[in-house]
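Have a look at work-v2.cif below; it lists mmCIF, C-alpha atoms.
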data_data
#
loop_
_atom_site.label_atom_id
_atom_site.label_comp_id
_atom_site.auth_asym_id
_atom_site.auth_seq_id
_atom_site.Cartn_x
_atom_site.Cartn_y
_atom_site.Cartn_z
CA MET A 1 101.15 115.54 109.69
CA SER A 2 102.01 115.04 113.33
CA LYS A 3 105.58 114.42 114.28
CA GLU A 4 106.09 110.82 115.22
CA LYS A 5 108.11 109.63 118.13
CA ASN A 6 110.61 107.39 116.42
CA SER A 7 111.28 109.40 113.34
CA TYR A 8 114.35 110.87 111.77
CA GLU A 9 114.19 114.06 109.75
CA GLY A 10 116.74 115.24 107.29
CA SER A 11 117.34 117.65 104.47
CA ILE A 12 119.69 117.61 101.53
CA SER A 13 123.03 119.34 101.23
CA SER A 14 123.35 122.63 99.35
CA SER A 15 126.15 121.02 97.33
CA TYR A 16 123.31 119.63 95.25
CA LYS A 17 122.71 122.99 93.59
CA ASN A 18 126.40 123.42 92.80
CA LYS A 19 126.50 119.94 91.36
CA GLU A 20 123.49 120.63 89.17
CA LEU A 21 125.04 123.96 88.16
CA LEU A 22 128.25 122.33 86.99
CA LYS A 23 126.38 119.53 85.29
CA ASN A 24 124.00 121.85 83.46
CA THR A 25 126.73 124.37 82.55
CA LEU A 26 128.82 121.66 80.91
CA LEU A 27 125.89 120.16 79.11
CA LEU A 28 124.35 123.44 77.99
CA SER A 29 127.66 125.02 76.91
CA ILE A 30 128.25 122.07 74.56
CA ILE A 31 124.75 122.43 73.16
CA ALA A 32 125.07 126.24 72.92
CA THR A 33 128.41 126.15 71.09
CA ALA A 34 127.25 123.48 68.70
CA GLY A 35 123.99 125.37 68.23
CA ALA A 36 125.75 128.62 67.42
CA PHE A 37 127.88 127.01 64.72
CA PHE A 38 124.84 125.27 63.35
CA ILE A 39 122.92 128.57 63.05
CA TYR A 40 125.94 130.19 61.38
CA TRP A 41 126.12 127.32 58.91
CA ILE A 42 122.37 127.61 58.13
CA ILE A 43 122.79 131.34 57.47
CA ILE A 44 125.67 130.68 55.07
CA MET A 45 123.58 128.09 53.28
CA ILE A 46 120.66 130.49 52.91
CA TYR A 47 122.93 133.31 51.73
CA THR A 48 124.86 131.38 49.15
CA ASP A 49 122.49 128.68 47.93
CA GLY A 50 119.00 129.85 48.80
CA LEU A 51 119.27 133.49 47.83
CA ASN A 52 122.03 132.94 45.32
CA LEU A 53 123.79 136.08 46.46
CA ASN A 54 127.40 136.19 45.63
CA VAL A 55 128.28 137.86 48.91
CA GLU A 56 130.57 136.63 51.65
CA VAL A 57 128.93 136.34 55.05
CA PRO A 58 130.89 138.67 57.35
CA ILE A 59 132.58 137.06 60.36
CA GLU A 60 130.77 139.61 62.59
CA VAL A 61 127.57 137.61 62.04
CA LEU A 62 129.18 134.65 63.76
CA TYR A 63 130.15 136.84 66.72
CA LEU A 64 126.61 138.18 66.95
CA ILE A 65 125.15 134.69 66.91
CA PHE A 66 127.54 133.60 69.64
CA ILE A 67 126.60 136.57 71.82
CA ILE A 68 122.85 135.92 71.43
CA VAL A 69 123.15 132.17 72.06
CA TYR A 70 125.36 132.66 75.12
CA VAL A 71 123.07 135.28 76.60
CA ILE A 72 120.18 132.80 76.36
CA PHE A 73 122.46 130.11 77.76
CA GLY A 74 123.43 132.32 80.69
CA ALA A 75 119.82 133.18 81.43
CA ILE A 76 118.87 129.49 81.49
CA ILE A 77 121.77 128.69 83.83
CA ILE A 78 120.81 131.48 86.21
CA LEU A 79 117.15 130.42 86.22
CA ASP A 80 118.13 126.80 86.75
CA TYR A 81 120.45 127.74 89.59
CA GLY A 82 117.63 129.65 91.26
CA TYR A 83 115.32 126.72 90.75
CA ASN A 84 117.77 124.25 92.27
CA ARG A 85 118.36 126.55 95.23
CA ALA A 86 114.66 126.53 95.92
CA TYR A 87 114.58 122.78 95.33
CA VAL A 88 117.23 122.18 98.00
CA LYS A 89 115.43 124.50 100.40
CA ASN A 90 112.11 122.75 99.91
CA PHE A 91 113.43 119.22 100.06
CA THR A 92 112.91 117.36 103.32
CA TYR A 93 112.56 113.71 104.15
CA THR A 94 111.32 111.93 107.23
CA ILE A 95 112.06 108.33 108.12
CA SER A 96 109.46 107.11 110.53
CA GLU A 97 108.35 103.80 111.98
CA ASP A 98 106.55 102.50 108.97
CA HIS A 99 107.10 104.87 106.10
CA ILE A 100 109.37 107.41 104.48
CA ILE A 101 107.91 110.80 103.70
CA ILE A 102 109.63 112.90 101.05
CA ARG A 103 108.46 116.49 100.62
CA HIS A 104 109.78 118.36 97.63
CA GLY A 105 108.91 120.58 94.72
CA VAL A 106 109.34 124.22 93.85
CA LEU A 107 106.30 125.12 91.79
CA THR A 108 104.32 121.95 92.34
CA LYS A 109 104.72 120.68 95.86
CA THR A 110 104.78 116.93 96.24
CA VAL A 111 104.57 114.79 99.33
CA ALA A 112 105.53 111.20 98.64
CA ILE A 113 104.71 108.70 101.36
CA ILE A 114 106.40 105.36 100.88
CA PRO A 115 105.33 102.56 103.21
CA TYR A 116 108.15 100.13 104.03
CA SER A 117 105.95 97.30 102.90
CA ARG A 118 106.44 98.64 99.37
CA ILE A 119 110.20 99.10 99.41
CA GLN A 120 112.07 96.64 97.27
CA ASN A 121 115.60 97.89 97.49
CA ILE A 122 117.67 100.89 98.34
CA ASN A 123 120.40 102.03 95.94
CA ILE A 124 123.12 104.48 96.79
CA VAL A 125 124.46 106.15 93.69
CA ASN A 126 127.71 108.08 93.54
CA GLY A 127 128.10 109.46 90.05
CA VAL A 128 130.91 111.50 88.48
CA PHE A 129 129.45 114.86 89.49
CA ASP A 130 128.48 113.43 92.85
CA ARG A 131 132.13 112.56 93.45
CA ILE A 132 133.30 116.08 92.65
CA PHE A 133 131.05 117.51 95.34
CA LYS A 134 131.29 114.50 97.65
CA THR A 135 127.57 113.85 97.65
CA PHE A 136 125.45 110.76 97.19
CA THR A 137 122.05 110.03 95.74
CA VAL A 138 119.81 107.55 97.46
CA LYS A 139 117.21 105.82 95.34
CA ILE A 140 114.49 103.87 97.02
CA GLU A 141 112.84 101.48 94.63
CA THR A 142 109.32 100.43 95.25
CA ALA A 143 106.87 97.87 93.96
CA GLY A 144 104.53 100.49 92.56
CA SER A 145 104.67 101.76 89.00
CA SER A 146 102.66 104.95 89.42
CA ALA A 147 105.47 105.90 91.74
CA ALA A 148 107.70 107.34 89.06
CA ALA A 149 105.10 109.87 88.08
CA ALA A 150 104.42 110.90 91.64
CA SER A 151 107.85 112.23 92.31
CA ALA A 152 109.23 113.04 88.91
CA LYS A 153 111.04 116.32 89.07
CA SER A 154 110.29 118.47 86.03
CA GLY A 155 109.40 115.61 83.75
CA ILE A 156 112.42 113.45 84.43
CA ILE A 157 111.31 110.05 85.62
CA LYS A 158 112.91 109.02 88.85
CA PRO A 159 112.15 106.30 91.37
CA GLU A 160 109.53 107.12 93.97
CA GLY A 161 112.06 107.64 96.70
CA TYR A 162 114.67 109.94 95.21
CA ILE A 163 116.88 111.78 97.65
CA PRO A 164 119.77 113.58 95.96
CA GLY A 165 122.70 115.53 97.38
CA LEU A 166 123.30 113.61 100.58
CA LYS A 167 126.59 114.14 102.37
CA ASP A 168 126.33 110.95 104.37
CA PRO A 169 124.08 108.32 102.78
CA ASN A 170 124.88 105.75 105.43
CA ILE A 171 122.78 107.55 107.99
CA ILE A 172 119.68 107.27 105.85
CA GLU A 173 120.40 103.72 104.77
CA LYS A 174 121.01 102.70 108.36
CA LYS A 175 117.87 104.40 109.58
CA ILE A 176 115.71 102.84 106.90
CA LYS A 177 117.14 99.38 107.43
CA GLU A 178 116.87 99.73 111.20
CA MET A 179 113.23 100.68 110.98
CA MET A 180 112.53 98.06 108.35
CA THR A 181 114.01 95.14 110.21
CA LYS A 182 112.45 96.34 113.41
CA TYR A 183 108.94 96.79 112.16
CA SER A 184 108.33 95.12 108.88
CA ALA A 185 109.82 91.72 108.33
CA VAL A 186 106.89 90.79 106.13
CA PRO A 187 107.16 87.66 104.03
CA SER A 188 107.64 88.64 100.43
CA GLY A 189 105.00 87.66 97.95
CA LEU A 190 102.27 87.85 100.53
CA GLU A 191 100.90 90.88 98.79
CA ASP A 192 100.17 89.01 95.60
CA LYS A 193 98.61 86.15 97.45
CA ILE A 194 96.12 87.95 99.59
CA PHE A 195 95.27 91.56 99.05
CA LYS A 196 96.44 92.54 95.62
CA PRO A 197 93.41 94.54 94.47
CA GLU A 198 92.85 96.47 97.65
CA GLU A 199 95.84 98.56 98.54
CA LEU A 200 94.27 99.84 101.69
CA ALA A 201 93.42 96.38 102.90
CA PHE A 202 97.02 95.39 102.42
CA ASP A 203 98.34 98.28 104.45
CA ASN A 204 95.84 97.52 107.18
CA PHE A 205 96.96 93.93 107.10
CA ILE A 206 100.59 94.96 107.39
CA SER A 207 99.93 97.24 110.31
CA TYR A 208 98.05 94.38 111.96
CA ILE A 209 101.07 92.12 111.57
CA LEU A 210 103.36 94.86 112.84
CA SER A 211 101.20 95.38 115.90
CA LYS A 212 101.35 91.64 116.51
CA MET A 213 105.11 91.70 116.23
CA ARG A 214 105.34 94.60 118.63
CA GLU A 215 103.62 92.46 121.24
CA GLY A 216 107.01 90.86 121.67
CA GLU A 217 108.12 94.12 123.28
CA LYS A 218 105.83 93.35 126.18
CA LEU A 219 107.81 90.20 126.93
CA LYS A 220 110.80 90.37 129.16
CA THR A 221 113.02 87.40 128.62
CA SER A 222 115.93 85.81 130.38
CA ILE A 223 116.63 83.46 127.53
CA THR A 224 120.23 84.65 127.16
CA GLU A 225 121.08 84.16 130.86
CA LEU A 226 119.48 80.71 130.99
CA ARG A 227 121.16 79.74 127.76
CA GLU A 228 124.56 80.74 129.09
CA LYS A 229 123.87 78.90 132.32
CA ALA A 230 123.20 75.77 130.31
CA ASN A 231 126.45 76.35 128.40
CA LEU A 232 124.74 76.66 125.07
CA SER A 233 125.51 79.11 122.30
CA ALA A 234 122.64 80.80 120.52
CA ALA A 235 123.34 78.67 117.46
CA ASN A 236 123.32 75.47 119.55
CA LEU A 237 120.02 76.39 121.10
CA ALA A 238 118.51 77.23 117.73
CA GLU A 239 119.59 73.87 116.39
CA LYS A 240 118.18 71.97 119.34
CA VAL A 241 114.87 73.81 119.17
CA GLY A 242 114.81 73.43 115.42
CA VAL A 243 114.36 77.08 114.50
CA PRO A 244 116.59 79.56 112.62
CA LEU A 245 119.21 81.39 114.68
CA GLN A 246 117.44 84.63 113.87
CA THR A 247 114.38 83.51 115.79
CA ILE A 248 116.47 83.01 118.93
CA ASN A 249 118.09 86.41 118.47
CA TYR A 250 114.74 88.12 117.93
CA LEU A 251 113.39 86.42 121.02
CA ALA A 252 116.35 87.56 123.11
CA GLU A 253 115.85 91.10 121.91
CA GLY A 254 112.15 90.98 122.69
CA ARG A 255 111.19 91.54 119.10
CA TYR A 256 109.10 88.45 118.67
CA ASN A 257 106.09 87.01 120.39
CA PRO A 258 106.61 83.24 120.21
CA SER A 259 103.90 80.63 120.12
CA LEU A 260 103.33 78.63 123.26
CA ALA A 261 104.61 75.49 121.57
CA LEU A 262 107.91 77.20 120.77
CA ALA A 263 108.17 78.58 124.31
CA TYR A 264 107.58 75.07 125.68
CA LYS A 265 110.28 73.62 123.46
CA ILE A 266 112.84 76.18 124.60
CA ALA A 267 111.84 75.77 128.25
CA GLU A 268 112.22 72.01 127.89
CA ILE A 269 115.72 72.32 126.47
CA LEU A 270 116.82 74.89 129.05
CA GLN A 271 115.07 72.85 131.74
CA CYS A 272 113.05 75.65 133.24
CA LYS A 273 109.49 76.88 133.49
CA ILE A 274 108.01 79.18 130.89
CA GLU A 275 107.52 81.75 133.61
CA ASP A 276 111.27 81.69 134.32
CA LEU A 277 111.99 82.19 130.65
CA PHE A 278 109.52 84.96 129.86
CA LYS A 279 107.70 87.59 131.85
CA LEU A 280 104.90 89.82 130.69
CA VAL A 281 105.81 93.44 131.45
CA MET B 282 113.20 59.05 119.97
CA LYS B 283 110.56 61.42 121.23
CA PHE B 284 106.82 61.76 121.28
CA LYS B 285 105.46 64.39 118.99
CA LYS B 286 103.41 66.66 121.18
CA LYS B 287 100.67 69.18 120.82
CA ILE B 288 99.43 71.85 123.14
CA ALA B 289 96.35 70.73 125.04
CA SER B 290 94.51 73.11 127.32
CA ARG B 291 92.27 73.14 130.34
CA VAL B 292 90.84 76.53 129.35
CA ARG B 293 87.31 75.18 129.24
CA GLN B 294 87.55 73.60 132.67
CA PHE B 295 88.94 76.76 134.30
CA ARG B 296 86.55 79.00 132.42
CA GLU B 297 83.58 77.02 133.66
CA GLU B 298 84.98 77.08 137.18
CA MET B 299 85.01 80.87 136.99
CA GLU B 300 81.54 80.84 135.44
CA LEU B 301 82.61 82.82 132.41
CA SER B 302 81.17 82.47 128.94
CA GLN B 303 83.47 82.17 125.92
CA ILE B 304 82.56 85.73 124.92
CA GLU B 305 83.33 87.12 128.37
CA LEU B 306 86.68 85.38 128.48
CA ALA B 307 87.46 86.56 124.94
CA LYS B 308 86.81 90.16 126.01
CA LEU B 309 89.02 89.82 129.07
CA VAL B 310 91.86 88.40 127.01
CA GLY B 311 91.28 90.78 124.13
CA VAL B 312 90.81 88.18 121.39
CA SER B 313 87.84 86.96 119.38
CA ARG B 314 85.43 84.32 120.60
CA GLN B 315 86.62 81.96 117.87
CA THR B 316 90.13 82.07 119.33
CA ILE B 317 88.79 80.87 122.68
CA TYR B 318 86.77 78.19 120.91
CA TYR B 319 89.82 76.86 119.09
CA LEU B 320 91.91 77.08 122.26
CA GLU B 321 89.43 74.89 124.08
CA ARG B 322 89.33 72.42 121.25
CA GLY B 323 93.10 72.24 121.42
CA SER B 324 93.56 72.96 117.75
CA TYR B 325 95.27 76.29 118.21
CA ASN B 326 98.78 77.10 119.32
CA PRO B 327 98.39 80.42 121.13
CA SER B 328 101.02 83.12 121.22
CA LEU B 329 102.92 83.57 124.43
CA THR B 330 101.38 86.95 125.28
CA ILE B 331 97.87 85.48 125.00
CA SER B 332 98.95 82.55 127.18
CA PHE B 333 100.25 84.96 129.80
CA LYS B 334 97.02 86.95 129.76
CA ILE B 335 94.95 83.81 130.22
CA SER B 336 97.17 82.60 133.03
CA GLU B 337 96.74 86.00 134.71
CA ILE B 338 92.95 85.78 134.43
CA PHE B 339 92.82 82.26 135.83
CA LYS B 340 95.56 83.03 138.36
CA LYS B 341 97.26 79.76 137.47
CA PRO B 342 100.73 79.08 136.04
CA ILE B 343 100.85 78.49 132.31
CA HIS B 344 101.76 74.81 132.54
CA GLU B 345 98.59 74.12 134.53
CA ILE B 346 96.41 75.64 131.85
CA PHE B 347 98.33 74.57 128.79
CA TYR B 348 100.22 71.35 128.77
CA GLN B 349 101.98 69.33 126.17
CA GLU B 350 100.43 66.04 125.36
CA PRO B 351 101.79 63.34 123.07
CA ILE B 352 99.56 63.12 120.04
CA ILE B 353 99.59 59.34 120.35
CA LYS B 354 98.06 59.52 123.82
CA ASP B 355 95.20 61.57 122.50
CA ILE B 356 94.57 59.05 119.73
CA LEU B 357 94.80 56.01 122.03
CA GLU B 358 92.42 57.56 124.54
CA GLY B 359 89.87 58.08 121.82
CA LYS B 360 89.76 54.40 120.98
CA SER B 361 87.67 51.64 122.47
CA LEU B 362 89.29 48.59 124.09
CA SER B 363 88.56 46.33 121.14
CA GLU B 364 90.10 48.87 118.76
CA ILE B 365 93.22 49.10 120.91
CA ARG B 366 93.45 45.32 120.99
CA GLU B 367 93.38 45.35 117.20
CA VAL B 368 96.14 47.96 117.05
CA ALA B 369 98.27 45.88 119.45
CA GLU B 370 97.80 42.86 117.27
CA VAL B 371 98.80 44.65 114.07
CA ALA B 372 101.81 46.19 115.80
CA GLY B 373 102.83 42.80 117.25
CA LEU B 374 102.71 43.91 120.88
CA ASN B 375 100.84 42.74 123.92
CA LEU B 376 98.10 44.99 125.20
CA GLU B 377 99.85 46.05 128.41
CA LYS B 378 102.93 47.20 126.60
CA LEU B 379 100.87 49.32 124.25
CA ALA B 380 98.84 50.72 127.13
CA SER B 381 102.02 51.62 129.04
CA LEU B 382 103.09 53.69 126.05
CA SER B 383 100.76 56.52 126.90
CA GLU B 384 102.24 56.81 130.41
CA MET B 385 105.85 57.05 129.28
CA ASP B 386 108.05 60.07 128.97
CA ASP B 387 110.51 60.61 126.15
CA LYS B 388 113.45 58.90 127.90
CA GLN B 389 111.55 55.76 128.78
CA LEU B 390 110.19 55.64 125.28
CA ALA B 391 113.66 55.71 123.80
CA LYS B 392 114.79 52.90 126.11
CA VAL B 393 111.91 50.49 125.72
CA PHE B 394 110.73 50.83 122.15
CA LYS B 395 112.60 50.55 118.91
CA LYS B 396 111.94 52.65 115.88
CA GLU B 397 110.56 49.71 113.91
CA THR B 398 108.01 49.00 116.64
CA MET B 399 106.95 52.64 116.72
CA THR B 400 106.58 52.67 112.94
CA LYS B 401 104.37 49.59 113.20
CA ILE B 402 102.22 51.21 115.88
CA ALA B 403 101.89 54.33 113.79
CA ILE B 404 100.78 52.30 110.79
CA ALA B 405 98.31 50.36 112.95
CA LEU B 406 96.87 53.70 114.07
CA GLY B 407 96.60 54.83 110.48
CA ALA B 408 99.37 57.43 110.69
CA GLU B 409 103.00 57.98 109.69
CA PHE B 410 105.92 57.69 112.07
CA GLU B 411 106.62 61.43 111.68
CA ASP B 412 103.05 62.30 112.69
CA LEU B 413 103.40 60.71 116.10
CA PHE B 414 107.13 60.69 116.94
CA GLU B 415 110.27 62.67 116.43
CA ASN B 416 113.73 61.35 116.04
#
So, in terms of structure tokens, how does the structure I just supplied come out?
Amino acid sequence: MSKEKNSYEGSISSSYKNKELLKNTLLLSIIATAGAFFIYWIIIMIYTDGLNLNVEVPIEVLYLIFIIVYVIFGAIIILDYGYNRAYVKNFTYTISEDHIIIRHGVLTKTVAIIPYSRIQNINIVNGVFDRIFKTFTVKIETAGSSAAAASAKSGIIKPEGYIPGLKDPNIIEKKIKEMMTKYSAVPSGLEDKIFKPEELAFDNFISYILSKMREGEKLKTSITELREKANLSAANLAEKVGVPLQTINYLAEGRYNPSLALAYKIAEILQCKIEDLFKLV
Amino acid sequence: MKFKKKIASRVRQFREEMELSQIELAKLVGVSRQTIYYLERGSYNPSLTISFKISEIFKKPIHEIFYQEPIIKDILEGKSLSEIREVAEVAGLNLEKLASLSEMDDKQLAKVFKKETMTKIAIALGAEFEDLFEN
């Protein structure tokens, strides 16, 4: 995949593997200890009830069980640590103009491409273990349902966009939101209305809308200067024109290609020509 | 009180002056032929970038190509004299006063006519007040 101009690349912090290590050690040690006692209890039951032997089970058996169980436990922890190290090394994400690409996987490599048009919300999670290592997990929830399967790590179902072990989640959140508001203010629900069965058609449609929106970048505007000259605040102007304040702001930033009727209305209120208000660069 | 306006265009006139077909103009602007067709019919509110491109091609300022026209003027001009007379009668106006309406700007309109009169005219024309005027 070619590197795009306006993209941001990042990887996850190595604290993730330490966090997973602590988490798994705690969890597995509880299971291992309980398991060892359980096996010991089973053996006693078999000895006394099953075989009807009138012999005491020596305490050394318990020690032996503990040693075996903890060796297995240790091996699992070491393997898991190695796995998570590789996981951290292989995990990269890219935030580009219209999608997020997450590459991860140790044995099975996965590339998840999430178009912004699919993103429903972004959650930043800071759990107990996260707090110990000062990391954050960013979950990007999408409209798709096959998503969970696409990026599940070792059978655990996670949202499509799952980025663990981030030191500073605000960077990623800011980047995503920046890109989203810049390029994909798509009315919600449009998907269901028009192109539901054809996913490709929808994405084409979105990119068409985005390209239309980008046409606003070709317009140079002096709306702010003229507005200030007329002693109007942005909110006043919006009210007089009869549009939301956001529209005026987008126009001033060159992020919106207005209709001629809207341009006329603004020009009328600011008492100028359209050519004074906007210029095609 | 204000006239409700729509964007009317002289695209057809200028296009024919330049001896361009709709398809040729569409290619120059970078839109489909249908867009040009709707523009000429005046039933399409173009985006500003398209307006700028067209004004570049015709080498004319935007307001010469696209101009705002009160909807009521358009309707009145499409009617015959006897029909207009009828409208004047229903609205309770004399013919000259009604005819002068289409020459007025927003300020004159607000001075001369009252809202009730405008509502009557709208009804006589088979429309609602909101279709033809703004408050």
| request: Return the single residue from A:Ile77, A:Ile274, A:Val125, A:Ile269 that is closest to B:Ser336, with distances computed using all atoms listed in the file. | output: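 Distance minimum relative to B:Ser336 lands on A:Ile274.
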| request: Do me a favour and pick out the residues of chain A within 9 Å of chain B, using all atoms listed in the file, as a list in words. | output: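 Result: Glu215, Gly216, Lys218, Leu219, Asn257, Pro258, Ser259, Leu260, Ala261, Leu262, Ala263, Tyr264, Lys273, Ile274, Glu275, Phe278, Lys279 and Leu280 of chain A.
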| query | For A:Tyr256, which of A:Ile209, A:Glu97, A:Gly127, A:Ile30 is the closest residue, counting all atoms listed in the file? | reply |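 Closest to A:Tyr256, using all atoms listed in the file: A:Ile209.
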| Contacts of stretch 223-238 of chain A within 9 Å, all atoms listed in the file, excl. fewer than 4 positions in-chain, as a list in words | Gly242, Val243, Pro244, Leu245, Gln246, Thr247, Ile248, Asn249, Leu251, Ala252, Ile266, Ile269, Leu270, Gln271, Cys272, Asp276, Leu277 and Phe278 of chain A
Store the residues of this selection in a file with C-alpha atoms, as an mmCIF file, in the coordinates of the input.
data_model
loop_
_atom_site.group_PDB
_atom_site.id
_atom_site.type_symbol
_atom_site.label_atom_id
_atom_site.label_comp_id
_atom_site.auth_asym_id
_atom_site.auth_seq_id
_atom_site.Cartn_x
_atom_site.Cartn_y
_atom_site.Cartn_z
ATOM 1 C CA GLY A 242 114.810 73.430 115.420
ATOM 2 C CA VAL A 243 114.360 77.080 114.500
ATOM 3 C CA PRO A 244 116.590 79.560 112.620
ATOM 4 C CA LEU A 245 119.210 81.390 114.680
ATOM 5 C CA GLN A 246 117.440 84.630 113.870
ATOM 6 C CA THR A 247 114.380 83.510 115.790
ATOM 7 C CA ILE A 248 116.470 83.010 118.930
ATOM 8 C CA ASN A 249 118.090 86.410 118.470
ATOM 9 C CA LEU A 251 113.390 86.420 121.020
ATOM 10 C CA ALA A 252 116.350 87.560 123.110
ATOM 11 C CA ILE A 266 112.840 76.180 124.600
ATOM 12 C CA ILE A 269 115.720 72.320 126.470
ATOM 13 C CA LEU A 270 116.820 74.890 129.050
ATOM 14 C CA GLN A 271 115.070 72.850 131.740
ATOM 15 C CA CYS A 272 113.050 75.650 133.240
ATOM 16 C CA ASP A 276 111.270 81.690 134.320
ATOM 17 C CA LEU A 277 111.990 82.190 130.650
ATOM 18 C CA PHE A 278 109.520 84.960 129.860
#
Compile the contact shell of stretch 321-323 of chain B as a compact mmCIF listing (two decimals) with C-alpha atoms, in the frame of the given file: residues with an atom at most 8 Å away, counting only C-alpha atoms, same-chain residues fewer than 4 positions apart removed.
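Saved file out-v4.txt follows:
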# COMPACT_ATOMS: atom_id res chain seq x y z
CA ILE B 288 99.43 71.85 123.14
CA ALA B 289 96.35 70.73 125.04
CA SER B 290 94.51 73.11 127.32
CA ARG B 291 92.27 73.14 130.34
CA VAL B 292 90.84 76.53 129.35
CA ARG B 293 87.31 75.18 129.24
CA ILE B 317 88.79 80.87 122.68
| request: To one decimal in Å, tell me the separation between atom CA of A:Asp168 and atom CA of A:Thr108. | output: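 Between atom CA of A:Asp168 and atom CA of A:Thr108 the gap is 27.4 Å.
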| said: One number please: atom CA of A:Ser29 to atom CA of A:Tyr87, in Å, one decimal. | reply: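 Atom CA of A:Ser29 sits 22.7 Å away from atom CA of A:Tyr87.
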Copy stretch 362-393 of chain B out of the block into a file, keeping C-alpha atoms, as a PDB file, in the first residue's frame.
ATOM      1  CA  LEU B 362     -53.326  39.913 -19.829  1.00  0.00           C
ATOM      2  CA  SER B 363     -56.798  38.542 -19.181  1.00  0.00           C
ATOM      3  CA  GLU B 364     -55.407  36.111 -16.607  1.00  0.00           C
ATOM      4  CA  ILE B 365     -53.558  38.918 -14.853  1.00  0.00           C
ATOM      5  CA  ARG B 366     -56.714  40.999 -14.837  1.00  0.00           C
ATOM      6  CA  GLU B 367     -58.471  38.112 -13.118  1.00  0.00           C
ATOM      7  CA  VAL B 368     -55.719  37.828 -10.509  1.00  0.00           C
ATOM      8  CA  ALA B 369     -55.942  41.586  -9.839  1.00  0.00           C
ATOM      9  CA  GLU B 370     -59.660  41.293  -9.347  1.00  0.00           C
ATOM     10  CA  VAL B 371     -59.401  38.394  -6.902  1.00  0.00           C
ATOM     11  CA  ALA B 372     -56.643  40.182  -4.993  1.00  0.00           C
ATOM     12  CA  GLY B 373     -58.667  43.420  -4.906  1.00  0.00           C
ATOM     13  CA  LEU B 374     -56.045  45.530  -6.666  1.00  0.00           C
ATOM     14  CA  ASN B 375     -56.025  47.620  -9.778  1.00  0.00           C
ATOM     15  CA  LEU B 376     -54.071  46.291 -12.714  1.00  0.00           C
ATOM     16  CA  GLU B 377     -51.299  48.895 -12.627  1.00  0.00           C
ATOM     17  CA  LYS B 378     -50.507  48.244  -9.014  1.00  0.00           C
ATOM     18  CA  LEU B 379     -50.211  44.536  -9.649  1.00  0.00           C
ATOM     19  CA  ALA B 380     -48.084  45.131 -12.740  1.00  0.00           C
ATOM     20  CA  SER B 381     -45.760  47.444 -10.791  1.00  0.00           C
ATOM     21  CA  LEU B 382     -45.153  44.598  -8.365  1.00  0.00           C
ATOM     22  CA  SER B 383     -42.800  42.814 -10.709  1.00  0.00           C
ATOM     23  CA  GLU B 384     -40.611  45.923 -11.032  1.00  0.00           C
ATOM     24  CA  MET B 385     -40.175  46.468  -7.306  1.00  0.00           C
ATOM     25  CA  ASP B 386     -37.266  45.626  -5.106  1.00  0.00           C
ATOM     26  CA  ASP B 387     -37.601  44.271  -1.588  1.00  0.00           C
ATOM     27  CA  LYS B 388     -37.640  47.691   0.123  1.00  0.00           C
ATOM     28  CA  GLN B 389     -40.329  49.154  -2.091  1.00  0.00           C
ATOM     29  CA  LEU B 390     -42.350  46.008  -1.658  1.00  0.00           C
ATOM     30  CA  ALA B 391     -42.251  46.322   2.097  1.00  0.00           C
ATOM     31  CA  LYS B 392     -43.354  49.958   1.908  1.00  0.00           C
ATOM     32  CA  VAL B 393     -46.209  49.688  -0.546  1.00  0.00           C
TER      33      VAL B 393
END
